[in-house]
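With mmCIF, C-alpha atoms and all ligand atoms inside, this is coords08.cif:
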```cif
data_input
loop_
_atom_site.label_atom_id
_atom_site.label_comp_id
_atom_site.auth_asym_id
_atom_site.auth_seq_id
_atom_site.Cartn_x
_atom_site.Cartn_y
_atom_site.Cartn_z
CA MET A 1 14.38 -48.62 -26.61
CA ASP A 2 12.77 -47.48 -29.85
CA LYS A 3 9.17 -46.42 -30.09
CA GLN A 4 7.74 -49.50 -31.78
CA ALA A 5 9.48 -51.81 -29.30
CA ILE A 6 7.98 -49.91 -26.36
CA VAL A 7 4.51 -49.93 -27.94
CA ALA A 8 4.79 -53.65 -28.67
CA MET A 9 5.94 -54.42 -25.11
CA ASP A 10 3.10 -52.40 -23.62
CA GLN A 11 0.53 -54.01 -25.86
CA GLU A 12 1.81 -57.43 -24.86
CA ASN A 13 1.33 -56.97 -21.13
CA TYR A 14 -0.70 -53.86 -20.31
CA LEU A 15 -4.47 -54.22 -20.14
CA PRO A 16 -5.82 -52.73 -23.37
CA VAL A 17 -8.46 -50.46 -21.81
CA PHE A 18 -7.11 -47.25 -23.35
CA ALA A 19 -7.44 -46.21 -27.01
CA ARG A 20 -3.91 -44.82 -27.12
CA TYR A 21 -2.22 -42.60 -29.65
CA ASN A 22 0.87 -44.04 -31.30
CA LEU A 23 3.17 -41.86 -29.25
CA VAL A 24 5.66 -42.58 -26.47
CA LEU A 25 6.22 -39.61 -24.16
CA SER A 26 9.46 -39.27 -22.27
CA HIS A 27 9.54 -35.93 -20.42
CA GLY A 28 8.12 -32.47 -20.19
CA GLU A 29 9.04 -28.87 -19.50
CA GLY A 30 6.42 -26.26 -18.67
CA PRO A 31 3.58 -26.61 -21.18
CA TYR A 32 5.64 -28.81 -23.50
CA VAL A 33 6.13 -32.57 -23.63
CA PHE A 34 8.71 -34.48 -25.62
CA ASP A 35 8.38 -37.89 -27.22
CA ASN A 36 11.12 -40.49 -27.02
CA GLU A 37 12.40 -39.43 -30.44
CA GLY A 38 12.97 -35.89 -29.19
CA LYS A 39 9.96 -34.25 -30.89
CA LYS A 40 8.37 -31.38 -28.93
CA TYR A 41 4.62 -30.87 -28.43
CA ILE A 42 2.67 -27.99 -26.94
CA ASP A 43 0.39 -29.68 -24.39
CA PHE A 44 -3.16 -28.30 -24.11
CA LEU A 45 -4.45 -31.44 -22.40
CA GLY A 46 -2.11 -31.24 -19.40
CA GLY A 47 -2.52 -34.90 -18.44
CA ILE A 48 -6.32 -34.35 -18.58
CA ALA A 49 -6.43 -31.21 -16.43
CA VAL A 50 -3.86 -32.58 -13.98
CA ASN A 51 -0.58 -30.78 -14.68
CA VAL A 52 -1.72 -27.38 -13.42
CA LEU A 53 1.87 -26.18 -13.04
CA GLY A 54 2.97 -27.72 -16.32
CA HIS A 55 5.80 -30.23 -16.31
CA ALA A 56 8.87 -30.16 -14.07
CA HIS A 57 7.93 -26.95 -12.26
CA PRO A 58 10.97 -26.27 -10.04
CA ALA A 59 8.93 -25.64 -6.87
CA LEU A 60 6.98 -28.89 -7.29
CA VAL A 61 10.11 -30.87 -8.17
CA LYS A 62 11.83 -29.46 -5.07
CA ALA A 63 8.91 -30.20 -2.74
CA VAL A 64 8.52 -33.77 -4.01
CA SER A 65 12.28 -34.48 -4.00
CA GLU A 66 12.78 -33.10 -0.50
CA GLN A 67 9.79 -34.97 0.87
CA ALA A 68 10.90 -38.20 -0.84
CA GLY A 69 14.25 -37.84 0.87
CA LYS A 70 12.58 -37.46 4.27
CA MET A 71 9.57 -39.78 4.17
CA ILE A 72 7.40 -40.90 1.26
CA HIS A 73 4.80 -42.71 3.27
CA CYS A 74 3.71 -43.29 6.79
CA SER A 75 0.43 -44.78 7.92
CA ASN A 76 -2.58 -42.74 8.91
CA LEU A 77 -2.17 -44.07 12.44
CA TYR A 78 0.15 -41.09 13.01
CA TYR A 79 0.01 -37.34 12.42
CA THR A 80 2.23 -35.52 9.92
CA GLU A 81 2.83 -31.82 9.57
CA VAL A 82 2.37 -31.88 5.78
CA GLN A 83 -1.06 -33.49 6.06
CA ALA A 84 -2.24 -31.12 8.79
CA THR A 85 -0.96 -28.17 6.75
CA LEU A 86 -2.80 -29.31 3.62
CA ALA A 87 -6.04 -29.80 5.55
CA LYS A 88 -5.76 -26.32 7.01
CA LYS A 89 -5.10 -24.76 3.61
CA LEU A 90 -7.95 -26.60 1.88
CA ALA A 91 -10.42 -25.76 4.65
CA LYS A 92 -9.50 -22.09 4.46
CA LEU A 93 -9.64 -21.93 0.64
CA SER A 94 -12.95 -23.81 0.38
CA GLY A 95 -14.77 -22.15 3.26
CA LEU A 96 -15.49 -25.66 4.59
CA ASP A 97 -14.03 -27.40 7.64
CA LYS A 98 -12.91 -31.02 7.38
CA VAL A 99 -10.71 -32.72 4.80
CA PHE A 100 -10.15 -36.36 3.90
CA ALA A 101 -7.47 -37.32 1.38
CA GLY A 102 -7.44 -40.42 -0.83
CA ASN A 103 -5.61 -41.26 -4.03
CA SER A 104 -7.89 -40.51 -6.97
CA GLY A 105 -11.00 -38.73 -8.10
CA ALA A 106 -13.19 -41.80 -8.01
CA GLU A 107 -12.08 -42.48 -4.46
CA ALA A 108 -12.86 -38.91 -3.42
CA ASN A 109 -16.37 -39.33 -4.82
CA GLU A 110 -16.77 -42.75 -3.17
CA GLY A 111 -15.95 -41.14 0.16
CA ALA A 112 -18.42 -38.33 -0.49
CA ILE A 113 -21.15 -40.85 -1.38
CA LYS A 114 -20.46 -42.88 1.77
CA LEU A 115 -20.53 -39.76 3.93
CA ALA A 116 -23.77 -38.51 2.34
CA ARG A 117 -25.52 -41.82 2.96
CA LYS A 118 -24.32 -42.07 6.53
CA TYR A 119 -25.34 -38.47 7.19
CA GLY A 120 -28.73 -39.03 5.53
CA LYS A 121 -29.39 -41.91 7.91
CA THR A 122 -28.92 -39.63 10.90
CA ILE A 123 -32.09 -37.89 9.63
CA ALA A 124 -34.14 -40.91 8.43
CA ALA A 125 -33.32 -44.57 7.78
CA ASP A 126 -34.46 -44.36 4.15
CA LYS A 127 -32.75 -41.04 3.35
CA VAL A 128 -30.16 -42.65 1.08
CA GLU A 129 -30.95 -41.66 -2.49
CA ILE A 130 -28.51 -39.65 -4.59
CA ILE A 131 -29.47 -37.66 -7.67
CA THR A 132 -26.85 -36.92 -10.32
CA ALA A 133 -26.92 -35.45 -13.83
CA GLU A 134 -27.04 -36.98 -17.28
CA HIS A 135 -23.73 -36.66 -19.16
CA SER A 136 -21.90 -36.38 -15.85
CA PHE A 137 -18.67 -38.20 -15.08
CA HIS A 138 -17.81 -39.22 -11.53
CA GLY A 139 -15.32 -42.08 -11.90
CA ARG A 140 -14.87 -45.78 -12.61
CA THR A 141 -15.51 -47.58 -9.33
CA LEU A 142 -18.86 -49.36 -9.07
CA ALA A 143 -20.57 -46.61 -7.08
CA THR A 144 -19.06 -43.75 -9.08
CA LEU A 145 -19.78 -45.31 -12.49
CA THR A 146 -23.34 -45.77 -11.28
CA ALA A 147 -23.42 -42.11 -10.24
CA THR A 148 -22.05 -41.25 -13.70
CA GLY A 149 -24.95 -40.32 -15.98
CA GLN A 150 -23.63 -42.09 -19.07
CA PRO A 151 -24.79 -45.68 -19.73
CA LYS A 152 -21.62 -46.52 -21.71
CA TYR A 153 -19.60 -46.56 -18.49
CA GLN A 154 -22.10 -48.92 -16.79
CA LYS A 155 -22.75 -51.49 -19.48
CA GLY A 156 -21.55 -54.96 -18.52
CA TYR A 157 -20.94 -54.14 -14.84
CA GLU A 158 -24.42 -54.93 -13.58
CA PRO A 159 -25.62 -55.49 -10.91
CA LEU A 160 -25.00 -51.83 -10.08
CA PRO A 161 -25.39 -50.39 -6.58
CA GLY A 162 -28.88 -49.00 -5.97
CA GLY A 163 -30.01 -45.56 -4.88
CA PHE A 164 -28.87 -43.43 -7.83
CA THR A 165 -31.16 -41.41 -10.13
CA HIS A 166 -30.13 -39.26 -13.09
CA VAL A 167 -31.80 -36.06 -14.28
CA PRO A 168 -30.97 -33.74 -17.19
CA PHE A 169 -28.23 -31.24 -16.30
CA ASN A 170 -29.18 -27.58 -16.01
CA ASP A 171 -32.90 -28.46 -15.71
CA ILE A 172 -34.13 -27.32 -12.32
CA ALA A 173 -37.71 -28.54 -12.88
CA ALA A 174 -36.47 -32.07 -13.61
CA LEU A 175 -34.38 -32.02 -10.47
CA GLU A 176 -37.24 -30.74 -8.34
CA ALA A 177 -39.53 -33.46 -9.70
CA SER A 178 -37.04 -36.15 -8.61
CA MET A 179 -36.36 -34.86 -5.11
CA SER A 180 -38.08 -36.17 -2.02
CA ALA A 181 -37.50 -36.71 1.69
CA LYS A 182 -35.48 -39.79 0.65
CA THR A 183 -32.92 -37.70 -1.22
CA CYS A 184 -29.73 -37.62 0.83
CA ALA A 185 -27.66 -35.76 -1.79
CA VAL A 186 -27.52 -34.12 -5.17
CA MET A 187 -24.15 -34.63 -6.80
CA LEU A 188 -23.06 -32.44 -9.72
CA GLU A 189 -20.06 -31.12 -11.55
CA PRO A 190 -20.45 -27.31 -11.55
CA ILE A 191 -19.22 -27.46 -15.15
CA GLN A 192 -19.37 -30.87 -16.82
CA GLY A 193 -15.92 -31.79 -18.08
CA GLU A 194 -15.99 -35.20 -19.78
CA GLY A 195 -19.60 -34.53 -20.83
CA GLY A 196 -18.41 -31.77 -23.19
CA VAL A 197 -17.57 -28.65 -21.14
CA ASN A 198 -21.23 -27.97 -20.32
CA ILE A 199 -21.73 -24.74 -18.40
CA PRO A 200 -25.06 -24.35 -16.57
CA ASP A 201 -27.15 -21.18 -16.45
CA ALA A 202 -25.91 -18.62 -13.93
CA ASP A 203 -28.76 -19.33 -11.49
CA TYR A 204 -28.94 -23.13 -11.84
CA LEU A 205 -26.64 -23.99 -8.96
CA ILE A 206 -28.25 -21.33 -6.75
CA LYS A 207 -31.60 -23.04 -7.29
CA VAL A 208 -30.05 -26.47 -6.75
CA ARG A 209 -28.67 -25.19 -3.44
CA GLN A 210 -32.16 -23.96 -2.46
CA LEU A 211 -33.76 -27.31 -3.34
CA CYS A 212 -31.14 -29.18 -1.33
CA ASP A 213 -31.87 -26.96 1.66
CA LYS A 214 -35.62 -27.45 1.23
CA TYR A 215 -35.25 -31.26 1.28
CA SER A 216 -32.41 -31.39 3.83
CA ALA A 217 -30.26 -33.01 1.15
CA LEU A 218 -26.54 -32.43 0.82
CA LEU A 219 -25.09 -30.70 -2.21
CA ILE A 220 -21.99 -32.57 -3.36
CA LEU A 221 -19.97 -30.73 -5.99
CA ASP A 222 -17.53 -32.84 -7.96
CA GLU A 223 -14.73 -30.34 -8.64
CA ILE A 224 -12.22 -33.01 -9.54
CA GLN A 225 -11.75 -31.33 -12.92
CA THR A 226 -12.92 -27.76 -12.22
CA GLY A 227 -11.25 -27.23 -8.82
CA ILE A 228 -7.79 -25.87 -7.97
CA GLY A 229 -7.87 -22.79 -10.18
CA ARG A 230 -9.01 -24.35 -13.43
CA THR A 231 -11.88 -21.89 -13.94
CA GLY A 232 -9.94 -18.86 -12.71
CA LYS A 233 -11.37 -19.36 -9.21
CA MET A 234 -9.92 -21.83 -6.73
CA PHE A 235 -13.32 -23.61 -6.78
CA ALA A 236 -15.83 -23.26 -9.62
CA TYR A 237 -18.67 -22.82 -7.12
CA GLU A 238 -17.26 -19.36 -6.37
CA LEU A 239 -18.33 -18.41 -9.91
CA PHE A 240 -21.92 -19.22 -9.02
CA GLY A 241 -22.01 -17.70 -5.54
CA ILE A 242 -22.88 -20.84 -3.62
CA LYS A 243 -21.22 -23.28 -1.24
CA PRO A 244 -21.60 -27.07 -1.29
CA ASP A 245 -21.81 -29.37 1.74
CA ILE A 246 -19.12 -31.57 0.25
CA VAL A 247 -16.66 -30.77 -2.52
CA THR A 248 -14.43 -33.38 -4.14
CA LEU A 249 -11.02 -32.72 -5.66
CA ALA A 250 -8.29 -34.68 -7.38
CA LYS A 251 -6.82 -33.93 -10.80
CA GLY A 252 -4.94 -30.66 -10.33
CA LEU A 253 -4.57 -30.83 -6.57
CA ALA A 254 -1.03 -32.23 -6.41
CA GLY A 255 0.07 -31.28 -9.93
CA GLY A 256 0.30 -34.91 -11.05
CA VAL A 257 1.15 -36.82 -7.88
CA PRO A 258 -1.84 -39.11 -7.27
CA ILE A 259 -4.25 -37.61 -4.74
CA GLY A 260 -7.97 -37.16 -4.20
CA ALA A 261 -9.80 -35.35 -1.45
CA PHE A 262 -13.19 -34.40 -0.17
CA ILE A 263 -13.90 -31.43 2.05
CA THR A 264 -17.04 -31.02 4.11
CA THR A 265 -18.62 -29.02 6.90
CA SER A 266 -18.12 -29.76 10.59
CA LYS A 267 -21.81 -30.59 10.81
CA VAL A 268 -21.81 -33.21 8.05
CA ALA A 269 -18.47 -34.59 9.23
CA THR A 270 -20.10 -35.67 12.51
CA ALA A 271 -21.58 -38.63 10.61
CA PHE A 272 -18.08 -40.17 10.46
CA THR A 273 -16.18 -41.36 13.50
CA ALA A 274 -12.97 -43.38 13.88
CA GLY A 275 -13.14 -46.52 11.77
CA ASP A 276 -15.90 -45.32 9.41
CA HIS A 277 -13.63 -44.56 6.47
CA GLY A 278 -9.96 -44.84 5.65
CA SER A 279 -7.15 -45.31 3.17
CA THR A 280 -3.67 -46.77 3.41
CA PHE A 281 -1.98 -44.35 1.02
CA GLY A 282 -4.46 -41.50 1.23
CA GLY A 283 -2.99 -38.20 2.41
CA ASN A 284 0.51 -39.60 2.58
CA PRO A 285 3.41 -37.18 3.06
CA LEU A 286 4.57 -37.23 -0.57
CA ALA A 287 1.14 -36.37 -2.00
CA CYS A 288 0.48 -33.76 0.68
CA ALA A 289 3.86 -32.08 0.13
CA ALA A 290 3.09 -31.91 -3.60
CA ALA A 291 -0.38 -30.45 -2.98
CA ASN A 292 1.00 -27.87 -0.55
CA ALA A 293 3.54 -26.81 -3.18
CA VAL A 294 0.86 -26.54 -5.89
CA LEU A 295 -1.34 -24.34 -3.68
CA GLN A 296 1.61 -22.13 -2.80
CA VAL A 297 2.67 -21.69 -6.43
CA ILE A 298 -0.91 -20.88 -7.50
CA GLU A 299 -0.86 -18.04 -4.98
CA GLU A 300 2.70 -16.82 -5.59
CA GLU A 301 2.47 -16.87 -9.39
CA LYS A 302 -1.10 -15.47 -9.38
CA LEU A 303 -2.30 -18.39 -11.47
CA LEU A 304 -6.00 -17.73 -10.83
CA GLU A 305 -5.63 -14.37 -12.55
CA ASN A 306 -3.56 -15.99 -15.29
CA ALA A 307 -6.16 -18.72 -15.88
CA GLN A 308 -8.83 -16.04 -16.23
CA LYS A 309 -6.79 -13.81 -18.52
CA ILE A 310 -5.34 -16.52 -20.77
CA GLY A 311 -8.66 -18.39 -20.75
CA ASP A 312 -10.40 -15.29 -22.13
CA TYR A 313 -7.66 -14.95 -24.74
CA LEU A 314 -8.04 -18.62 -25.74
CA VAL A 315 -11.82 -18.19 -26.09
CA ASP A 316 -11.28 -15.10 -28.28
CA LYS A 317 -8.86 -16.99 -30.50
CA LEU A 318 -11.21 -19.97 -30.80
CA ASN A 319 -14.10 -17.63 -31.61
CA ALA A 320 -11.97 -16.19 -34.41
CA LEU A 321 -11.56 -19.74 -35.76
CA LYS A 322 -15.31 -20.22 -35.39
CA SER A 323 -15.87 -17.15 -37.59
CA LYS A 324 -13.31 -18.43 -40.08
CA TYR A 325 -14.73 -21.99 -40.17
CA PRO A 326 -18.46 -21.62 -39.40
CA ALA A 327 -19.18 -24.97 -41.04
CA LEU A 328 -16.86 -26.73 -38.54
CA ILE A 329 -17.17 -24.91 -35.19
CA THR A 330 -20.62 -24.00 -33.88
CA GLU A 331 -19.91 -22.89 -30.31
CA VAL A 332 -17.01 -21.96 -28.04
CA ARG A 333 -17.63 -22.14 -24.30
CA GLY A 334 -15.42 -22.00 -21.26
CA LYS A 335 -14.50 -20.51 -17.90
CA GLY A 336 -10.86 -19.81 -17.30
CA LEU A 337 -8.79 -22.67 -18.67
CA ILE A 338 -11.50 -25.25 -19.20
CA VAL A 339 -12.66 -24.47 -22.70
CA GLY A 340 -14.65 -26.43 -25.28
CA ALA A 341 -15.22 -25.92 -28.99
CA LYS A 342 -18.25 -27.75 -30.35
CA LEU A 343 -17.72 -29.21 -33.81
CA THR A 344 -20.10 -30.30 -36.54
CA ILE A 345 -17.95 -33.39 -37.13
CA PRO A 346 -16.30 -35.97 -34.85
CA GLY A 347 -13.13 -34.50 -33.32
CA ARG A 348 -10.85 -37.49 -33.51
CA ASP A 349 -9.23 -36.74 -36.89
CA ILE A 350 -8.63 -33.13 -35.86
CA VAL A 351 -6.93 -34.22 -32.64
CA ASN A 352 -4.75 -36.67 -34.60
CA SER A 353 -3.81 -34.08 -37.17
CA CYS A 354 -2.85 -31.53 -34.48
CA LEU A 355 -0.79 -34.20 -32.77
CA SER A 356 1.20 -34.94 -35.91
CA GLN A 357 1.92 -31.19 -36.14
CA GLY A 358 3.12 -30.91 -32.55
CA ALA A 359 0.03 -29.84 -30.59
CA ILE A 360 -1.74 -32.02 -28.03
CA ILE A 361 -5.43 -31.25 -27.72
CA ASN A 362 -8.34 -33.48 -26.74
CA CYS A 363 -11.82 -34.31 -27.87
CA THR A 364 -14.55 -35.29 -25.42
CA ALA A 365 -18.19 -36.30 -25.88
CA GLY A 366 -17.33 -37.18 -29.48
CA ASP A 367 -17.42 -33.72 -31.00
CA VAL A 368 -16.19 -31.19 -28.45
CA LEU A 369 -12.55 -30.15 -28.61
CA ARG A 370 -11.46 -29.66 -25.01
CA PHE A 371 -8.62 -27.45 -23.84
CA VAL A 372 -7.41 -27.89 -20.24
CA PRO A 373 -3.78 -26.72 -20.37
CA PRO A 374 -1.50 -25.91 -17.42
CA LEU A 375 -2.55 -22.76 -15.54
CA THR A 376 0.93 -21.36 -16.23
CA ILE A 377 0.50 -20.90 -20.01
CA THR A 378 0.99 -17.59 -21.80
CA LYS A 379 -0.59 -15.93 -24.85
CA ASP A 380 2.36 -17.13 -26.94
CA HIS A 381 1.54 -20.73 -26.05
CA VAL A 382 -2.08 -20.16 -27.07
CA ASP A 383 -0.94 -18.67 -30.36
CA GLU A 384 1.29 -21.66 -30.98
CA MET A 385 -1.55 -24.16 -30.46
CA ILE A 386 -4.08 -22.05 -32.39
CA ALA A 387 -1.75 -21.86 -35.41
CA VAL A 388 -1.68 -25.65 -35.59
CA LEU A 389 -5.45 -25.92 -35.13
CA ASP A 390 -6.02 -23.29 -37.81
CA LYS A 391 -3.89 -25.20 -40.28
CA THR A 392 -5.69 -28.42 -39.39
CA LEU A 393 -9.17 -26.95 -39.81
CA ALA A 394 -8.16 -25.38 -43.14
CA ALA A 395 -7.29 -28.83 -44.43
CA VAL A 396 -10.59 -30.48 -43.40
C1 LIG B 401 -11.45 -37.34 -13.82
C2 LIG B 401 -12.72 -37.17 -13.08
C3 LIG B 401 -13.15 -38.11 -12.13
C4 LIG B 401 -12.39 -39.40 -11.85
O1 LIG B 401 -11.12 -39.20 -11.37
P1 LIG B 401 -10.08 -40.44 -11.34
O2 LIG B 401 -8.87 -39.87 -10.66
O3 LIG B 401 -9.84 -40.85 -12.75
O4 LIG B 401 -10.71 -41.51 -10.54
C5 LIG B 401 -14.31 -37.86 -11.44
N1 LIG B 401 -15.03 -36.74 -11.66
C6 LIG B 401 -14.65 -35.81 -12.57
C7 LIG B 401 -15.47 -34.58 -12.75
C8 LIG B 401 -13.50 -36.00 -13.32
O5 LIG B 401 -13.16 -35.11 -14.25
#
```
Rendering of file as structure tokens:
Amino acid sequence: MDKQAIVAMDQENYLPVFARYNLVLSHGEGPYVFDNEGKKYIDFLGGIAVNVLGHAHPALVKAVSEQAGKMIHCSNLYYTEVQATLAKKLAKLSGLDKVFAGNSGAEANEGAIKLARKYGKTIAADKVEIITAEHSFHGRTLATLTATGQPKYQKGYEPLPGGFTHVPFNDIAALEASMSAKTCAVMLEPIQGEGGVNIPDADYLIKVRQLCDKYSALLILDEIQTGIGRTGKMFAYELFGIKPDIVTLAKGLAGGVPIGAFITTSKVATAFTAGDHGSTFGGNPLACAAANAVLQVIEEEKLLENAQKIGDYLVDKLNALKSKYPALITEVRGKGLIVGAKLTIPGRDIVNSCLSQGAIINCTAGDVLRFVPPLTITKDHVDEMIAVLDKTLAAV
């Protein structure tokens, strides 16, 4: 089918909630994707920080194909080896104890919110309030869009669930002023992704951890975007030298197969017993086999080191563009392979121009170019994308 026919068919019957580019993708290979007319693109969006191994990584393809041939799904009424193996790996990597798997980021956060409230009530009946940050993003379900500190995601969906307060990110005094005995949890992204790649001060999360301990509140870290090697550490909280009570994961965890998960301590997990939470698809064999393969490849191919090394290279290259175009780029910030370049103009035209020249990048928060490529990329791939961006900026 030709491109315009596919676009027309989709527009006829798919809910128009996405502002899509006029592009039909057909397949991918490593850090490249191809459109249905055979044109190749270097992909620095990676399915929004999902395709950590790039496209069609042989180990992931093999794991998914083999598992599909054995068993795609079975209910959570039974044990499977792949699920038990994933739980063991995630507990070991996170330094936490108990894992629950769902199907998306929002669902992981929903589970974390439910657990935090139930745990809070074991301390006091009114210990149910959750504090989150402005410019955060936690998902699109009713509870998670309420947790999200951006009114645009909430408008029109009132009445919203109660019990959520928002404070400025990276402002410890504002957080302290909002905390009380009623606070059951503080929920934060260690680095805000959708909000514009906002990196807090080095000691912010340490102080947040201390405040949570002082008020017997749980620290929930939403690592749906930053987790699974994105920052050059398996979990971004390792960069800050702290540990959360609950961490949530999704995007990169299974390399593109839908999955979400939260991991918590044995102590907090006691708030949940059989029947308190669940999911039909969550943690099914296909998703768990994919996640196990992703974790194995990250280790075997030393992708944490690669994310650090190539991330530093990408930041250097973007800083060179900043020096070349000081009227367009004002700041470059990143950790590993989550990198943002703050513009003085809206980013949309720049993203479109790069796309027409064969490079997929992204703009978030209106004026921050965001780069979240596969963790497998090389310096040559960076050079390829930067050349297109350079040409685009020169033409602005
Ligand atoms: C993407 C994202 C979510 C939501 O994940 P979905 O799978 O789209 O529900 C939540 N939190 C953060 C930090 C994210 O980046």
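Note that the spacing between CA of Ile42 in chain A and CA of Leu314 in chain A amounts to 14.3 Å.
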Ligand LIG 401 (chain B): which residues are within 10 Å, counting only C-alpha atoms and all ligand atoms? Reply as a ChimeraX atom specification. /A:48-50,102-110,136-141,144-145,148,188-195,221-227,248-252,258-260
Once you have the residues from the selection above, write them out as a PDB file, in the coordinates of the input, restricted to C-alpha atoms.
```pdb
ATOM      1  CA  ILE A  48      -6.320 -34.350 -18.580  1.00  0.00           C
ATOM      2  CA  ALA A  49      -6.430 -31.210 -16.430  1.00  0.00           C
ATOM      3  CA  VAL A  50      -3.860 -32.580 -13.980  1.00  0.00           C
ATOM      4  CA  GLY A 102      -7.440 -40.420  -0.830  1.00  0.00           C
ATOM      5  CA  ASN A 103      -5.610 -41.260  -4.030  1.00  0.00           C
ATOM      6  CA  SER A 104      -7.890 -40.510  -6.970  1.00  0.00           C
ATOM      7  CA  GLY A 105     -11.000 -38.730  -8.100  1.00  0.00           C
ATOM      8  CA  ALA A 106     -13.190 -41.800  -8.010  1.00  0.00           C
ATOM      9  CA  GLU A 107     -12.080 -42.480  -4.460  1.00  0.00           C
ATOM     10  CA  ALA A 108     -12.860 -38.910  -3.420  1.00  0.00           C
ATOM     11  CA  ASN A 109     -16.370 -39.330  -4.820  1.00  0.00           C
ATOM     12  CA  GLU A 110     -16.770 -42.750  -3.170  1.00  0.00           C
ATOM     13  CA  SER A 136     -21.900 -36.380 -15.850  1.00  0.00           C
ATOM     14  CA  PHE A 137     -18.670 -38.200 -15.080  1.00  0.00           C
ATOM     15  CA  HIS A 138     -17.810 -39.220 -11.530  1.00  0.00           C
ATOM     16  CA  GLY A 139     -15.320 -42.080 -11.900  1.00  0.00           C
ATOM     17  CA  ARG A 140     -14.870 -45.780 -12.610  1.00  0.00           C
ATOM     18  CA  THR A 141     -15.510 -47.580  -9.330  1.00  0.00           C
ATOM     19  CA  THR A 144     -19.060 -43.750  -9.080  1.00  0.00           C
ATOM     20  CA  LEU A 145     -19.780 -45.310 -12.490  1.00  0.00           C
ATOM     21  CA  THR A 148     -22.050 -41.250 -13.700  1.00  0.00           C
ATOM     22  CA  LEU A 188     -23.060 -32.440  -9.720  1.00  0.00           C
ATOM     23  CA  GLU A 189     -20.060 -31.120 -11.550  1.00  0.00           C
ATOM     24  CA  PRO A 190     -20.450 -27.310 -11.550  1.00  0.00           C
ATOM     25  CA  ILE A 191     -19.220 -27.460 -15.150  1.00  0.00           C
ATOM     26  CA  GLN A 192     -19.370 -30.870 -16.820  1.00  0.00           C
ATOM     27  CA  GLY A 193     -15.920 -31.790 -18.080  1.00  0.00           C
ATOM     28  CA  GLU A 194     -15.990 -35.200 -19.780  1.00  0.00           C
ATOM     29  CA  GLY A 195     -19.600 -34.530 -20.830  1.00  0.00           C
ATOM     30  CA  LEU A 221     -19.970 -30.730  -5.990  1.00  0.00           C
ATOM     31  CA  ASP A 222     -17.530 -32.840  -7.960  1.00  0.00           C
ATOM     32  CA  GLU A 223     -14.730 -30.340  -8.640  1.00  0.00           C
ATOM     33  CA  ILE A 224     -12.220 -33.010  -9.540  1.00  0.00           C
ATOM     34  CA  GLN A 225     -11.750 -31.330 -12.920  1.00  0.00           C
ATOM     35  CA  THR A 226     -12.920 -27.760 -12.220  1.00  0.00           C
ATOM     36  CA  GLY A 227     -11.250 -27.230  -8.820  1.00  0.00           C
ATOM     37  CA  THR A 248     -14.430 -33.380  -4.140  1.00  0.00           C
ATOM     38  CA  LEU A 249     -11.020 -32.720  -5.660  1.00  0.00           C
ATOM     39  CA  ALA A 250      -8.290 -34.680  -7.380  1.00  0.00           C
ATOM     40  CA  LYS A 251      -6.820 -33.930 -10.800  1.00  0.00           C
ATOM     41  CA  GLY A 252      -4.940 -30.660 -10.330  1.00  0.00           C
ATOM     42  CA  PRO A 258      -1.840 -39.110  -7.270  1.00  0.00           C
ATOM     43  CA  ILE A 259      -4.250 -37.610  -4.740  1.00  0.00           C
ATOM     44  CA  GLY A 260      -7.970 -37.160  -4.200  1.00  0.00           C
TER      45      GLY A 260
END
```
Long-range neighbours of range 382-390 of chain A as a PyMOL selection string, 9 Å cut-off, only C-alpha atoms, 5 positions minimum in chain: chain A and resi 42-44+310+313-314+317-318+321+350-351+353-354+357-361+377+395
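Straight-line separation from CA of Ala133 in chain A to CA of Ala112 in chain A: 16.1 Å.
Proximity to range 83-86 of chain A at 6 Å, evaluated using all atoms listed in the file and with sequence-adjacent residues fewer than 3 positions away removed, yields Thr80, Lys89, Cys288 and Asn292 of chain A.
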Taking (-0.5, -45.4, 10.0) in the coordinates of the supplied file, I want to know which residues reach to within 10 Å of it, counting only C-alpha atoms; could you give the answer as a ChimeraX atom specification? /A:73-79,279-281,284
Quick one: write out the picked residues with C-alpha atoms as a JSON list (two decimals), in the coordinates of the input?
```
[["chain", "number", "residue", "atom", "x", "y", "z"],
["A", 73, "HIS", "CA", 4.80, -42.71, 3.27],
["A", 74, "CYS", "CA", 3.71, -43.29, 6.79],
["A", 75, "SER", "CA", 0.43, -44.78, 7.92],
["A", 76, "ASN", "CA", -2.58, -42.74, 8.91],
["A", 77, "LEU", "CA", -2.17, -44.07, 12.44],
["A", 78, "TYR", "CA", 0.15, -41.09, 13.01],
["A", 79, "TYR", "CA", 0.01, -37.34, 12.42],
["A", 279, "SER", "CA", -7.15, -45.31, 3.17],
["A", 280, "THR", "CA", -3.67, -46.77, 3.41],
["A", 281, "PHE", "CA", -1.98, -44.35, 1.02],
["A", 284, "ASN", "CA", 0.51, -39.60, 2.58]]
```
Gap from CA of Leu96 in chain A to CA of Gly46 in chain A - Å, one decimal: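 According to the coordinates, CA of Leu96 in chain A and CA of Gly46 in chain A are separated by 28.0 Å.
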Counting all atoms listed in the file, which of A:Val257, A:Ala147, A:Leu25, A:Leu328 gets nearest to Tyr41 in chain A?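 Going through A:Val257, A:Ala147, A:Leu25, A:Leu328 one by one, the smallest distance to Tyr41 in chain A is for A:Leu25.
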Looking at all atoms listed in the file, which of A:Ala143, A:Ala289, A:Val297, A:Val33 is the one that sits closest to Val82 in chain A? A:Ala289
